Every structure is written in C-alpha cells, then in structure tokens.
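What follows is work-v7.cif (mmCIF, C-alpha atoms and all ligand atoms).
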data_model
loop_
_atom_site.group_PDB
_atom_site.id
_atom_site.type_symbol
_atom_site.label_atom_id
_atom_site.label_comp_id
_atom_site.auth_asym_id
_atom_site.auth_seq_id
_atom_site.Cartn_x
_atom_site.Cartn_y
_atom_site.Cartn_z
ATOM 1 C CA MET R 1 116.467 54.093 197.309
ATOM 2 C CA ARG R 2 117.081 57.803 197.981
ATOM 3 C CA LYS R 3 113.401 58.228 198.790
ATOM 4 C CA ALA R 4 113.552 55.274 201.217
ATOM 5 C CA ILE R 5 116.589 56.748 202.999
ATOM 6 C CA LEU R 6 114.852 60.107 203.278
ATOM 7 C CA ASP R 7 111.707 58.478 204.646
ATOM 8 C CA ILE R 8 113.683 56.748 207.387
ATOM 9 C CA LEU R 9 115.647 59.871 208.293
ATOM 10 C CA THR R 10 112.517 62.027 208.258
ATOM 11 C CA HIS R 11 110.717 59.855 210.784
ATOM 12 C CA ALA R 12 113.727 59.073 212.989
ATOM 13 C CA GLN R 13 113.839 60.645 216.476
ATOM 14 C CA SER R 14 117.614 60.219 216.726
ATOM 15 C CA PRO R 15 120.536 59.790 214.296
ATOM 16 C CA VAL R 16 120.356 56.611 212.196
ATOM 17 C CA SER R 17 123.577 54.694 211.691
ATOM 18 C CA GLY R 18 124.807 53.560 208.284
ATOM 19 C CA GLU R 19 124.559 49.989 209.521
ATOM 20 C CA GLU R 20 120.895 50.386 210.489
ATOM 21 C CA LEU R 21 120.081 51.965 207.132
ATOM 22 C CA SER R 22 121.897 49.221 205.235
ATOM 23 C CA LYS R 23 120.010 46.512 207.186
ATOM 24 C CA LYS R 24 116.612 48.168 206.749
ATOM 25 C CA LEU R 25 117.133 48.731 203.047
ATOM 26 C CA GLY R 26 119.006 45.541 202.245
ATOM 27 C CA VAL R 27 121.990 47.288 200.652
ATOM 28 C CA SER R 28 125.645 47.655 201.627
ATOM 29 C CA ARG R 29 126.899 50.442 203.884
ATOM 30 C CA VAL R 30 128.962 51.743 200.970
ATOM 31 C CA ALA R 31 125.805 52.004 198.881
ATOM 32 C CA VAL R 32 124.089 53.891 201.715
ATOM 33 C CA TRP R 33 127.072 56.256 201.972
ATOM 34 C CA LYS R 34 126.975 56.901 198.213
ATOM 35 C CA HIS R 35 123.250 57.706 198.292
ATOM 36 C CA ILE R 36 123.806 60.058 201.232
ATOM 37 C CA GLN R 37 126.516 61.884 199.247
ATOM 38 C CA THR R 38 124.128 62.250 196.288
ATOM 39 C CA LEU R 39 121.391 63.591 198.558
ATOM 40 C CA LYS R 40 123.821 66.126 200.040
ATOM 41 C CA LYS R 41 124.797 67.208 196.528
ATOM 42 C CA LEU R 42 121.113 67.663 195.669
ATOM 43 C CA GLY R 43 120.842 70.076 198.589
ATOM 44 C CA TYR R 44 119.626 67.977 201.497
ATOM 45 C CA GLY R 45 121.183 69.047 204.789
ATOM 46 C CA ILE R 46 122.344 65.754 206.291
ATOM 47 C CA GLU R 47 124.563 65.754 209.344
ATOM 48 C CA SER R 48 126.779 62.725 209.795
ATOM 49 C CA ASN R 49 128.608 62.016 213.042
ATOM 50 C CA SER R 50 129.687 58.980 215.068
ATOM 51 C CA LEU R 51 126.029 58.217 215.928
ATOM 52 C CA GLY R 52 124.818 58.209 212.358
ATOM 53 C CA TYR R 53 122.915 60.412 209.921
ATOM 54 C CA ARG R 54 120.417 63.125 210.761
ATOM 55 C CA LEU R 55 118.268 65.070 208.286
ATOM 56 C CA LEU R 56 118.503 68.786 209.084
ATOM 57 C CA ASN R 57 116.703 70.348 206.133
ATOM 58 C CA ARG R 58 115.323 69.673 202.683
ATOM 59 C CA PRO R 59 116.071 71.718 199.550
ATOM 60 C CA ASP R 60 113.412 73.889 197.953
ATOM 61 C CA LEU R 61 113.511 71.819 194.780
ATOM 62 C CA LEU R 62 110.772 69.900 192.992
ATOM 63 C CA LEU R 63 112.702 66.646 193.250
ATOM 64 C CA PRO R 64 110.855 63.336 192.786
ATOM 65 C CA GLU R 65 111.883 62.475 196.366
ATOM 66 C CA GLU R 66 109.920 65.510 197.541
ATOM 67 C CA LEU R 67 106.712 64.909 195.636
ATOM 68 C CA GLY R 68 105.541 61.632 197.133
ATOM 69 C CA ASP R 69 104.064 58.901 194.992
ATOM 70 C CA LEU R 70 102.409 60.603 192.029
ATOM 71 C CA GLY R 71 101.839 57.359 190.154
ATOM 72 C CA ILE R 72 103.921 58.643 187.233
ATOM 73 C CA LYS R 73 107.641 58.684 186.455
ATOM 74 C CA VAL R 74 109.216 62.037 187.321
ATOM 75 C CA TYR R 75 112.261 63.533 185.588
ATOM 76 C CA HIS R 76 113.783 66.490 187.393
ATOM 77 C CA PHE R 77 116.368 68.901 185.996
ATOM 78 C CA GLN R 78 118.058 71.926 187.539
ATOM 79 C CA GLU R 79 118.053 73.605 184.134
ATOM 80 C CA LEU R 80 116.747 72.750 180.686
ATOM 81 C CA PRO R 81 116.275 74.681 177.476
ATOM 82 C CA SER R 82 112.592 73.671 177.716
ATOM 83 C CA THR R 83 110.710 70.845 179.429
ATOM 84 C CA MET R 84 108.674 70.547 176.202
ATOM 85 C CA ASP R 85 111.668 69.232 174.236
ATOM 86 C CA VAL R 86 112.485 66.539 176.779
ATOM 87 C CA ALA R 87 108.824 65.580 177.106
ATOM 88 C CA ARG R 88 108.504 65.241 173.320
ATOM 89 C CA LYS R 89 111.483 62.887 173.125
ATOM 90 C CA LEU R 90 110.160 60.784 176.006
ATOM 91 C CA ALA R 91 106.662 60.686 174.527
ATOM 92 C CA GLN R 92 108.028 59.575 171.167
ATOM 93 C CA LYS R 93 109.809 56.728 172.960
ATOM 94 C CA GLY R 94 106.463 55.680 174.435
ATOM 95 C CA GLU R 95 106.905 57.044 177.960
ATOM 96 C CA THR R 96 104.246 58.682 180.088
ATOM 97 C CA ALA R 97 106.024 60.983 182.505
ATOM 98 C CA LEU R 98 106.309 64.317 184.238
ATOM 99 C CA VAL R 99 109.273 66.506 183.298
ATOM 100 C CA ILE R 100 110.188 69.275 185.722
ATOM 101 C CA ALA R 101 112.866 71.964 185.442
ATOM 102 C CA GLU R 102 113.873 74.485 188.100
ATOM 103 C CA THR R 103 114.775 76.950 185.350
ATOM 104 C CA GLN R 104 114.527 77.011 181.552
ATOM 105 C CA THR R 105 116.873 78.834 179.228
ATOM 106 C CA HIS R 106 114.509 78.732 176.233
ATOM 107 C CA GLY R 107 111.080 78.376 177.815
ATOM 108 C CA LYS R 108 108.370 78.265 175.150
ATOM 109 C CA GLY R 109 105.163 80.224 175.270
ATOM 110 C CA ARG R 110 102.113 80.000 173.023
ATOM 111 C CA LEU R 111 102.218 81.323 169.470
ATOM 112 C CA GLY R 112 106.005 81.229 169.283
ATOM 113 C CA ARG R 113 106.552 83.516 172.272
ATOM 114 C CA ASN R 114 109.240 83.053 174.920
ATOM 115 C CA TRP R 115 108.438 82.090 178.465
ATOM 116 C CA HIS R 116 110.822 83.606 181.012
ATOM 117 C CA SER R 117 111.620 80.836 183.444
ATOM 118 C CA ASP R 118 113.631 82.201 186.343
ATOM 119 C CA LYS R 119 114.308 80.214 189.486
ATOM 120 C CA GLY R 120 111.354 80.076 191.882
ATOM 121 C CA GLY R 121 108.672 79.387 189.276
ATOM 122 C CA ILE R 122 107.089 76.033 188.529
ATOM 123 C CA TYR R 123 107.838 74.672 185.052
ATOM 124 C CA PHE R 124 106.687 71.271 183.955
ATOM 125 C CA SER R 125 105.460 69.206 181.035
ATOM 126 C CA LEU R 126 103.097 66.334 181.629
ATOM 127 C CA ILE R 127 102.833 63.603 179.010
ATOM 128 C CA LEU R 128 99.303 62.268 178.701
ATOM 129 C CA ARG R 129 97.857 59.577 176.479
ATOM 130 C CA PRO R 130 94.146 60.269 176.676
ATOM 131 C CA HIS R 131 91.610 58.271 174.668
ATOM 132 C CA VAL R 132 90.187 61.303 172.898
ATOM 133 C CA TYR R 133 89.781 62.554 169.352
ATOM 134 C CA PRO R 134 92.303 65.198 168.274
ATOM 135 C CA ALA R 135 89.474 67.766 168.225
ATOM 136 C CA SER R 136 88.931 67.275 171.955
ATOM 137 C CA ALA R 137 92.573 67.906 172.846
ATOM 138 C CA HIS R 138 91.905 71.626 173.082
ATOM 139 C CA LEU R 139 89.601 70.943 175.992
ATOM 140 C CA LEU R 140 92.482 69.333 177.889
ATOM 141 C CA CYS R 141 94.316 72.665 177.876
ATOM 142 C CA LEU R 142 91.246 74.406 179.204
ATOM 143 C CA MET R 143 90.958 71.644 181.798
ATOM 144 C CA THR R 144 94.555 72.249 182.899
ATOM 145 C CA ALA R 145 93.833 75.947 183.369
ATOM 146 C CA ILE R 146 90.788 75.020 185.477
ATOM 147 C CA CYS R 147 93.030 72.765 187.595
ATOM 148 C CA VAL R 148 95.657 75.447 188.216
ATOM 149 C CA ALA R 149 92.994 78.033 189.085
ATOM 150 C CA LYS R 150 91.289 75.618 191.478
ATOM 151 C CA ALA R 151 94.604 74.674 193.118
ATOM 152 C CA ILE R 152 95.450 78.361 193.685
ATOM 153 C CA ARG R 153 91.980 79.091 195.044
ATOM 154 C CA HIS R 154 92.103 76.062 197.326
ATOM 155 C CA LEU R 155 95.598 76.669 198.737
ATOM 156 C CA TYR R 156 95.691 80.465 198.949
ATOM 157 C CA GLY R 157 92.109 81.689 198.662
ATOM 158 C CA LEU R 158 93.103 83.944 195.744
ATOM 159 C CA LYS R 159 90.450 84.623 193.091
ATOM 160 C CA ALA R 160 92.179 82.945 190.152
ATOM 161 C CA LYS R 161 90.227 83.332 186.898
ATOM 162 C CA LEU R 162 90.579 82.082 183.345
ATOM 163 C CA LYS R 163 91.299 83.957 180.146
ATOM 164 C CA TRP R 164 90.505 82.081 176.940
ATOM 165 C CA PRO R 165 92.015 79.869 175.845
ATOM 166 C CA ASN R 166 94.129 78.814 178.801
ATOM 167 C CA ASP R 167 95.692 81.588 180.848
ATOM 168 C CA VAL R 168 95.171 81.837 184.572
ATOM 169 C CA LEU R 169 94.828 85.401 185.826
ATOM 170 C CA ILE R 170 94.629 87.010 189.217
ATOM 171 C CA GLY R 171 93.431 90.607 189.306
ATOM 172 C CA GLY R 172 93.681 90.668 185.507
ATOM 173 C CA LYS R 173 97.386 89.678 185.498
ATOM 174 C CA LYS R 174 98.784 86.389 184.290
ATOM 175 C CA VAL R 175 99.933 83.943 186.934
ATOM 176 C CA CYS R 176 100.087 80.820 184.776
ATOM 177 C CA GLY R 177 100.420 79.948 181.105
ATOM 178 C CA ILE R 178 99.733 76.634 179.435
ATOM 179 C CA LEU R 179 101.123 75.273 176.205
ATOM 180 C CA ALA R 180 100.193 71.972 174.603
ATOM 181 C CA GLU R 181 101.955 69.894 171.985
ATOM 182 C CA MET R 182 100.319 66.874 170.518
ATOM 183 C CA GLU R 183 100.942 64.021 168.134
ATOM 184 C CA ALA R 184 97.847 62.509 166.625
ATOM 185 C CA GLU R 185 96.451 60.438 163.820
ATOM 186 C CA MET R 186 93.202 61.473 162.136
ATOM 187 C CA ASP R 187 91.021 59.818 164.754
ATOM 188 C CA MET R 188 93.313 59.237 167.719
ATOM 189 C CA VAL R 189 95.597 61.271 169.952
ATOM 190 C CA LYS R 190 98.935 59.472 170.415
ATOM 191 C CA TYR R 191 100.105 61.786 173.169
ATOM 192 C CA ILE R 192 99.547 65.296 174.362
ATOM 193 C CA ASN R 193 102.198 67.143 176.338
ATOM 194 C CA LEU R 194 100.804 69.787 178.630
ATOM 195 C CA GLY R 195 103.371 72.441 179.465
ATOM 196 C CA VAL R 196 102.582 74.518 182.528
ATOM 197 C CA GLY R 197 104.445 77.564 183.810
ATOM 198 C CA ILE R 198 103.325 79.052 187.130
ATOM 199 C CA ASN R 199 104.649 82.332 188.509
ATOM 200 C CA ALA R 200 105.130 81.111 192.054
ATOM 201 C CA ASN R 201 108.192 82.671 193.726
ATOM 202 C CA ASN R 202 109.992 83.831 190.572
ATOM 203 C CA ASN R 203 110.815 87.405 189.709
ATOM 204 C CA ILE R 204 108.505 88.701 186.988
ATOM 205 C CA SER R 205 109.326 92.405 187.306
ATOM 206 C CA TYR R 206 110.001 92.693 183.558
ATOM 207 C CA TYR R 207 106.339 91.787 182.939
ATOM 208 C CA ALA R 208 104.949 93.709 185.917
ATOM 209 C CA ASN R 209 102.129 95.270 183.848
ATOM 210 C CA THR R 210 100.745 92.016 182.578
ATOM 211 C CA ALA R 211 101.969 89.287 184.923
ATOM 212 C CA VAL R 212 102.061 88.651 188.635
ATOM 213 C CA SER R 213 103.576 86.050 190.960
ATOM 214 C CA LEU R 214 101.958 84.337 193.909
ATOM 215 C CA LYS R 215 104.838 85.521 196.099
ATOM 216 C CA GLU R 216 104.045 89.098 195.193
ATOM 217 C CA LEU R 217 100.324 88.663 195.838
ATOM 218 C CA LEU R 218 100.791 86.921 199.184
ATOM 219 C CA SER R 219 103.875 88.896 200.289
ATOM 220 C CA LYS R 220 105.592 85.620 201.119
ATOM 221 C CA GLU R 221 106.991 82.635 199.287
ATOM 222 C CA VAL R 222 104.641 79.780 198.521
ATOM 223 C CA ASN R 223 105.415 76.104 199.033
ATOM 224 C CA ARG R 224 106.029 75.073 195.417
ATOM 225 C CA LYS R 225 105.884 71.364 196.216
ATOM 226 C CA ALA R 226 102.439 71.670 197.779
ATOM 227 C CA LEU R 227 101.205 73.701 194.805
ATOM 228 C CA LEU R 228 102.584 71.299 192.214
ATOM 229 C CA ILE R 229 101.090 68.290 194.028
ATOM 230 C CA GLU R 230 97.704 70.031 194.270
ATOM 231 C CA VAL R 231 97.740 70.909 190.547
ATOM 232 C CA LEU R 232 98.609 67.316 189.606
ATOM 233 C CA ASN R 233 95.886 65.938 191.875
ATOM 234 C CA GLN R 234 93.391 68.307 190.292
ATOM 235 C CA ILE R 235 94.477 67.125 186.829
ATOM 236 C CA LYS R 236 94.102 63.483 187.863
ATOM 237 C CA TYR R 237 90.561 64.183 189.060
ATOM 238 C CA HIS R 238 89.432 66.347 186.144
ATOM 239 C CA LEU R 239 90.804 64.043 183.428
ATOM 240 C CA GLY R 240 87.828 61.778 183.963
ATOM 241 C CA GLN R 241 85.226 64.545 183.819
ATOM 242 C CA PRO R 242 82.813 64.791 180.883
ATOM 243 C CA GLU R 243 83.138 67.641 178.374
ATOM 244 C CA GLU R 244 79.967 69.371 179.599
ATOM 245 C CA LYS R 245 81.297 69.443 183.165
ATOM 246 C CA LEU R 246 84.604 70.959 182.018
ATOM 247 C CA THR R 247 82.937 73.671 179.951
ATOM 248 C CA GLN R 248 80.633 74.397 182.884
ATOM 249 C CA LEU R 249 83.616 74.736 185.269
ATOM 250 C CA TRP R 250 85.515 76.884 182.784
ATOM 251 C CA THR R 251 82.470 79.129 182.403
ATOM 252 C CA GLN R 252 82.195 79.541 186.190
ATOM 253 C CA LEU R 253 85.861 80.532 186.493
ATOM 254 C CA SER R 254 85.978 82.620 183.329
ATOM 255 C CA ASP R 255 87.216 86.200 183.244
ATOM 256 C CA THR R 256 86.659 86.352 179.476
ATOM 257 C CA LEU R 257 82.931 85.726 179.150
ATOM 258 C CA GLY R 258 80.878 88.902 179.168
ATOM 259 C CA LYS R 259 83.917 90.996 178.185
ATOM 260 C CA LYS R 260 84.581 92.881 174.970
ATOM 261 C CA VAL R 261 87.463 91.031 173.327
ATOM 262 C CA ARG R 262 89.748 91.231 170.337
ATOM 263 C CA VAL R 263 90.298 87.777 168.887
ATOM 264 C CA ILE R 264 93.414 87.028 166.903
ATOM 265 C CA ALA R 265 92.744 83.784 165.080
ATOM 266 C CA PRO R 266 94.986 82.194 162.419
ATOM 267 C CA ARG R 267 93.165 83.804 159.504
ATOM 268 C CA GLN R 268 91.151 86.625 161.031
ATOM 269 C CA ILE R 269 91.120 89.354 163.657
ATOM 270 C CA PHE R 270 87.818 90.607 165.015
ATOM 271 C CA GLU R 271 86.224 92.235 168.015
ATOM 272 C CA GLY R 272 83.027 91.508 169.847
ATOM 273 C CA GLU R 273 81.560 90.303 173.111
ATOM 274 C CA ALA R 274 82.652 86.882 174.374
ATOM 275 C CA ILE R 275 79.355 85.206 175.151
ATOM 276 C CA SER R 276 80.007 81.532 175.804
ATOM 277 C CA LEU R 277 82.260 78.518 175.545
ATOM 278 C CA ASP R 278 81.269 75.719 173.184
ATOM 279 C CA THR R 279 81.471 72.094 174.337
ATOM 280 C CA ASP R 280 84.668 71.640 172.298
ATOM 281 C CA GLY R 281 86.343 74.570 174.100
ATOM 282 C CA ALA R 282 85.819 77.066 171.279
ATOM 283 C CA LEU R 283 84.972 80.664 172.179
ATOM 284 C CA ILE R 284 81.679 82.069 170.904
ATOM 285 C CA VAL R 285 81.836 85.787 170.167
ATOM 286 C CA LYS R 286 78.996 88.136 169.234
ATOM 287 C CA THR R 287 80.309 90.573 166.634
ATOM 288 C CA ALA R 288 78.715 93.284 164.500
ATOM 289 C CA GLN R 289 78.845 90.756 161.623
ATOM 290 C CA GLY R 290 77.108 88.026 163.626
ATOM 291 C CA ILE R 291 78.113 85.138 165.898
ATOM 292 C CA LYS R 292 81.645 83.806 165.393
ATOM 293 C CA LYS R 293 83.199 80.677 166.781
ATOM 294 C CA VAL R 294 86.939 80.549 167.324
ATOM 295 C CA VAL R 295 88.714 77.282 168.031
ATOM 296 C CA ALA R 296 92.336 78.405 168.188
ATOM 297 C CA GLY R 297 94.007 81.747 168.626
ATOM 298 C CA ASP R 298 94.559 84.478 171.132
ATOM 299 C CA CYS R 299 92.203 86.830 172.837
ATOM 300 C CA ILE R 300 92.733 90.262 174.346
ATOM 301 C CA HIS R 301 90.351 91.603 176.965
ATOM 302 C CA LEU R 302 89.282 95.097 175.926
ATOM 303 C CA ARG R 303 87.158 95.934 178.952
HETATM 304 C C1 LIG U 401 101.875 80.746 177.369
HETATM 305 O O1 LIG U 401 101.049 81.289 178.098
HETATM 306 O O2 LIG U 401 102.345 81.348 176.390
HETATM 307 C C2 LIG U 401 102.278 79.322 177.650
HETATM 308 C C3 LIG U 401 103.467 79.249 178.566
HETATM 309 C C4 LIG U 401 103.872 77.819 178.887
HETATM 310 C C5 LIG U 401 105.152 77.763 179.694
HETATM 311 C C6 LIG U 401 105.476 76.371 180.128
HETATM 312 S S1 LIG U 401 106.773 76.318 181.323
HETATM 313 C C7 LIG U 401 106.873 74.595 181.178
HETATM 314 C C8 LIG U 401 106.702 74.262 179.719
HETATM 315 N N1 LIG U 401 107.986 74.332 179.052
HETATM 316 C C9 LIG U 401 108.038 75.339 178.180
HETATM 317 O O3 LIG U 401 109.026 75.615 177.492
HETATM 318 N N2 LIG U 401 106.870 75.978 178.146
HETATM 319 C C10 LIG U 401 105.896 75.396 179.050
#
This structure in structure tokens:
Amino acid sequence: MRKAILDILTHAQSPVSGEELSKKLGVSRVAVWKHIQTLKKLGYGIESNSLGYRLLNRPDLLLPEELGDLGIKVYHFQELPSTMDVARKLAQKGETALVIAETQTHGKGRLGRNWHSDKGGIYFSLILRPHVYPASAHLLCLMTAICVAKAIRHLYGLKAKLKWPNDVLIGGKKVCGILAEMEAEMDMVKYINLGVGINANNNISYYANTAVSLKELLSKEVNRKALLIEVLNQIKYHLGQPEEKLTQLWTQLSDTLGKKVRVIAPRQIFEGEAISLDTDGALIVKTAQGIKKVVAGDCIHLR
C-alpha cells in the first residue's frame, strides 16, 4: 500500500487529496492518513495542506518501496547486529528473501573477522535455493563477486577486479566483501545465504590502507539504490550461467591470477604463483613443491 501511495504521489503534477488516494486505492481516508504518517516517519518528505499531499523528497534508504519490484520479498532494517542472522532464521523457516540493513553492529566478515558497517554502505544477505551440489556453492560466491564488479564497472566505469576467493578490489583496495552461509545435505543445497558488504558512501578511514569506498574514488556520493538494483539484476542474470562461463568471467576480471600469492588454507600455508581457476572455483597455484589446488581459504597478493 505504501508503495502504491508513493507511486501516485511521484507521478502527480499537483497535490493529491486524501479522498482521491482512498478512492484510487480502495481504502479508507484514515488508512491513507496512517500510511502517510508511516512514510513520513521513514523519512519521506510529504507536505500536506488543504489541497492534499505532495511528495517533496525521498530518504536515502534502501527501503523496499525504493527498490521497485525485485521479484523477492525484501526485509529492511535501520540497524541489525548482522543481516546474516536474520537471513538464517528466515531461510530455516523456508523463506527466500533479501535482508537489508542500513548499519550493522556486529557485521560478520570471512574467517571470523568483523565487518565494520557504518551508515552509507550497502549491507545485505540474499537467501537463495539453487539446485546445485554443495561442492558448487563456492562458485556462487565467486559469481556474486563477478556481479558486484560488473555492476561497479557498468555504473561508474571503475576498474573493479577480483581477489580470490571473493573480494572486489579497486586499485588493489577492497571495495566489497562477500560471505556465504549454507545449509546442505550430502547431495543437495537447502539454502545458501550470500552476504554482501559494499563500501559505497560509508567512512572506511580506519582501513584506509586496505579498503576504499566508491564515494572516495568518485569524490561524490553514489546512488546506493541504483547500485543495489544493478547488483541484484546481475545476480539474477548470472545465476543461470554455466560453471565454465562463470570461471571464464572470473578469470577475465581477476587481479589474483598471475600474481605471487600466499595462501592460507585450513591446514596449510604456502606461497606460489596463482595460475588459474578450476571449474569448481578452486585456485590453482604453482609452488616450488608442485601444483596445488586450494578450495577454501584466504589469499594474500605478494606482488
Ligand atoms: C569479508 O570480506 O570478510 C566478507 C564481508 C561480508 C560482509 C557482509 S555485510 C552484509 C552481510 N552481513 C554480515 O554480517 N556480513 C555480510
């Protein structure tokens, strides 16, 4: 209903009366008034005078009303400990949804790290139920990194590149991190929650050596709604792509391949040259001891 009211007000040339809104939407004038109050509380600038309601401005929030029809249920929060926790609960209840938070108090990074989530960034978890084997889930994270890099390239012309397994870098500094949580049986993924954090307009000064924001790179704030929509559209498109296509795209956008890397895998640490990506998303590294394949872990670019 709120979306319908906003649509009418957005396209109106003159103020729209409560009566007109109630007729168009088939609800009482009191109901219209209540929705208008909620919209005002959410941050919409709505002027009301004797002629009716007029939309003056929209809040810079990733509200469902602002994102258009994404074909998926959207949960929006001003603040959460972590979108991953909410997404997990929803996924366990059988939902497929997008969970967005404007800020997170306990944002989670990979390998037990924290993810600073100040206002101005983009923080979301997307619940997916892909028909893939658990072993292929890793590729979905790589796919998400491809999607974010492509969205950034498309919207801002910045040379976003990928660091294995799923960081997005610009000029060698991290602009986006991706975390995945999954529940699976031996031969079937039940759900996979993709958690994406993008340094859009947020302050990342405490990580200035290793991270960068789009605002900093472009010297102006970016339209977070447009970026989020583009990333989600890219995900929708790439979800149907075959594994070979995804590894090919990742290879094209890679900043890791050809570099000397230190790999920190669960049971080993080694150095070598990153030479290729396997079809399952594993990194192939040429070391002094021979070729090694690493499926999960972290990688540091040495040069
Ligand atoms: C990393 O590079 O370490 C992964 C960072 C992932 C951060 C995102 S922000 C949205 C979602 N919720 C979280 O708590 N973490 C992920």
Checklist entry - So what does the PyMOL selection byres (((chain R and resi 199) around 6) and not hetatm) actually pick up in this one, as a list in words? => result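 Given this file, the PyMOL selection byres (((chain R and resi 199) around 6) and not hetatm) evaluates to Gly121, Val175, Ile198, Ala200, Asn202 and Ser213 of chain R.
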With a distance cut-off of 12 Å and all atoms listed in the file, select the neighbouring residues of Tyr237 (chain R), excluding the residue or stretch itself and same-chain residues fewer than 4 positions from it, and output the selection as a PDB file with C-alpha atoms, keeping the file's coordinate frame.
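Final output, selection.pdb:
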ATOM      1  CA  MET R 143      90.958  71.644 181.798  1.00  0.00           C
ATOM      2  CA  THR R 144      94.555  72.249 182.899  1.00  0.00           C
ATOM      3  CA  ILE R 146      90.788  75.020 185.477  1.00  0.00           C
ATOM      4  CA  CYS R 147      93.030  72.765 187.595  1.00  0.00           C
ATOM      5  CA  LYS R 150      91.289  75.618 191.478  1.00  0.00           C
ATOM      6  CA  ALA R 151      94.604  74.674 193.118  1.00  0.00           C
ATOM      7  CA  GLU R 230      97.704  70.031 194.270  1.00  0.00           C
ATOM      8  CA  VAL R 231      97.740  70.909 190.547  1.00  0.00           C
ATOM      9  CA  LEU R 232      98.609  67.316 189.606  1.00  0.00           C
ATOM     10  CA  ASN R 233      95.886  65.938 191.875  1.00  0.00           C
ATOM     11  CA  GLN R 241      85.226  64.545 183.819  1.00  0.00           C
ATOM     12  CA  PRO R 242      82.813  64.791 180.883  1.00  0.00           C
ATOM     13  CA  LEU R 246      84.604  70.959 182.018  1.00  0.00           C
TER      14      LEU R 246
END
Next on the checklist: Can you work out which residues are within 7 Å of ligand LIG 401 (chain U), considering all atoms listed in the file, and then hand them over as a list in words?
Outcome noted: Ser82, Thr83, Met84, Gln104, His106, Gly107, Lys108, Gly109, Arg110, Leu111, Arg113, Trp115, Ser117, Tyr123, Phe124, Ser125, Asp167, Cys176, Gly177, Ile178, Leu179, Gly195, Val196 and Gly197 of chain R
Serialized selection, C-alpha atoms, as a compact mmCIF listing (two decimals), in the frame of the given file:
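Written out: selection.txt:
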# COMPACT_ATOMS: atom_id res chain seq x y z
CA SER R 82 112.59 73.67 177.72
CA THR R 83 110.71 70.84 179.43
CA MET R 84 108.67 70.55 176.20
CA GLN R 104 114.53 77.01 181.55
CA HIS R 106 114.51 78.73 176.23
CA GLY R 107 111.08 78.38 177.82
CA LYS R 108 108.37 78.26 175.15
CA GLY R 109 105.16 80.22 175.27
CA ARG R 110 102.11 80.00 173.02
CA LEU R 111 102.22 81.32 169.47
CA ARG R 113 106.55 83.52 172.27
CA TRP R 115 108.44 82.09 178.46
CA SER R 117 111.62 80.84 183.44
CA TYR R 123 107.84 74.67 185.05
CA PHE R 124 106.69 71.27 183.96
CA SER R 125 105.46 69.21 181.04
CA ASP R 167 95.69 81.59 180.85
CA CYS R 176 100.09 80.82 184.78
CA GLY R 177 100.42 79.95 181.10
CA ILE R 178 99.73 76.63 179.44
CA LEU R 179 101.12 75.27 176.20
CA GLY R 195 103.37 72.44 179.46
CA VAL R 196 102.58 74.52 182.53
CA GLY R 197 104.44 77.56 183.81
Checklist entry - Any idea what's packed within 10 Å of Trp33 (chain R), counting only C-alpha atoms, ignoring anything in its chain fewer than 4 positions away? Could you give it as a ChimeraX atom specification? => result /R:18,21-22,28-29,37-39,53
Checklist entry - What does the PyMOL selection byres (((chain R and resi 2) around 9) and not hetatm) select in this file, as JSON, numbers by chain? => result {"R": [1, 3, 4, 5, 6, 7, 32, 35, 36, 38, 39, 65]}
Checklist entry - Counting all atoms listed in the file, what is within 6 Å of region 44-46 of chain R, bar same-chain residues fewer than 4 positions away, as a ChimeraX atom specification? => result /R:39-40,54-59
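Pairwise distance (CA of Val295 (chain R), CA of Leu158 (chain R)) equals 28.8 Å.
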Next on the checklist: As a check of understanding, name the residues that the PyMOL selection byres (((chain R and resi 99-101) around 7) and not hetatm) selects in the supplied structure, as number ranges by chain.
Outcome noted: R: 74-80, 83, 87, 97-98, 102-104, 123-126
Item to check | Residue with smallest distance to Ala208 (chain R) - pool R:Lys173, R:Lys236, R:Lys293, R:Lys190, counting only C-alpha atoms | outcome: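 Counting only C-alpha atoms, the residue closest to Ala208 (chain R) is R:Lys173.
Going from CA of Leu253 (chain R) to CA of Asn114 (chain R) covers 26.2 Å.
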Item to check | Nearby residues, (87.1, 89.9, 168.6) file frame, 10 Å, only C-alpha atoms, as a PyMOL selection string | outcome: chain R and resi 260-265+268-274+284-288+292+294+298-302
Checklist entry - Which residue out of R:Ala184, R:Leu25, R:Leu62, R:Ile8 has the minimum interatomic distance to Leu228 (chain R) when all atoms listed in the file are used? => result R:Leu62
Checklist entry - Hey, what's within 10 Å of Gly94 (chain R) if we count all atoms listed in the file and toss same-chain stuff fewer than 5 positions away? As a list of chain:residue names, please? => result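 Counting all atoms listed in the file, the residues come to R:Arg88, R:Lys89, R:Ile127, R:Arg129, R:Lys190, R:Tyr191.
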Please produce a file of the residues just selected, as a compact mmCIF listing (two decimals), in the frame of the given file, where the atoms kept are C-alpha atoms.
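And here is the file that came out, again14.txt:
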# COMPACT_ATOMS: atom_id res chain seq x y z
CA ARG R 88 108.50 65.24 173.32
CA LYS R 89 111.48 62.89 173.12
CA ILE R 127 102.83 63.60 179.01
CA ARG R 129 97.86 59.58 176.48
CA LYS R 190 98.94 59.47 170.42
CA TYR R 191 100.10 61.79 173.17
Checklist entry - What is the CA of Gly281 (chain R) to CA of Asp85 (chain R) distance in Å? => result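 Between these atoms lies a distance of 25.9 Å.
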Checklist entry - Of the residues R:Leu42, R:Lys174, R:Val132, R:Ala12, which is the one nearest to Ile204 (chain R), using only C-alpha atoms? => result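 Residue with the minimum atom-to-atom distance to Ile204 (chain R): R:Lys174.
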Next on the checklist: At a cut-off of 10 Å, using all atoms listed in the file, what residues contact Gly171 (chain R)? Leave out same-chain residues fewer than 5 positions from it and give the result as a PyMOL selection string.
Outcome noted: chain R and resi 158-161+211-212+217+255
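Each of R:Ser205, R:Pro15, R:Leu227, R:His116 was compared to Leu67 (chain R) using only C-alpha atoms, and R:Leu227 turns out to be the nearest.
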Checklist entry - Please, which residues are within 7 Å of (80.1, 87.7, 179.2) by the file's coordinates, counting only C-alpha atoms, and could they come as a list in words? => result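 So the residues meeting the distance criterion are Thr256, Leu257, Gly258, Lys259, Glu273, Ala274 and Ile275 of chain R.
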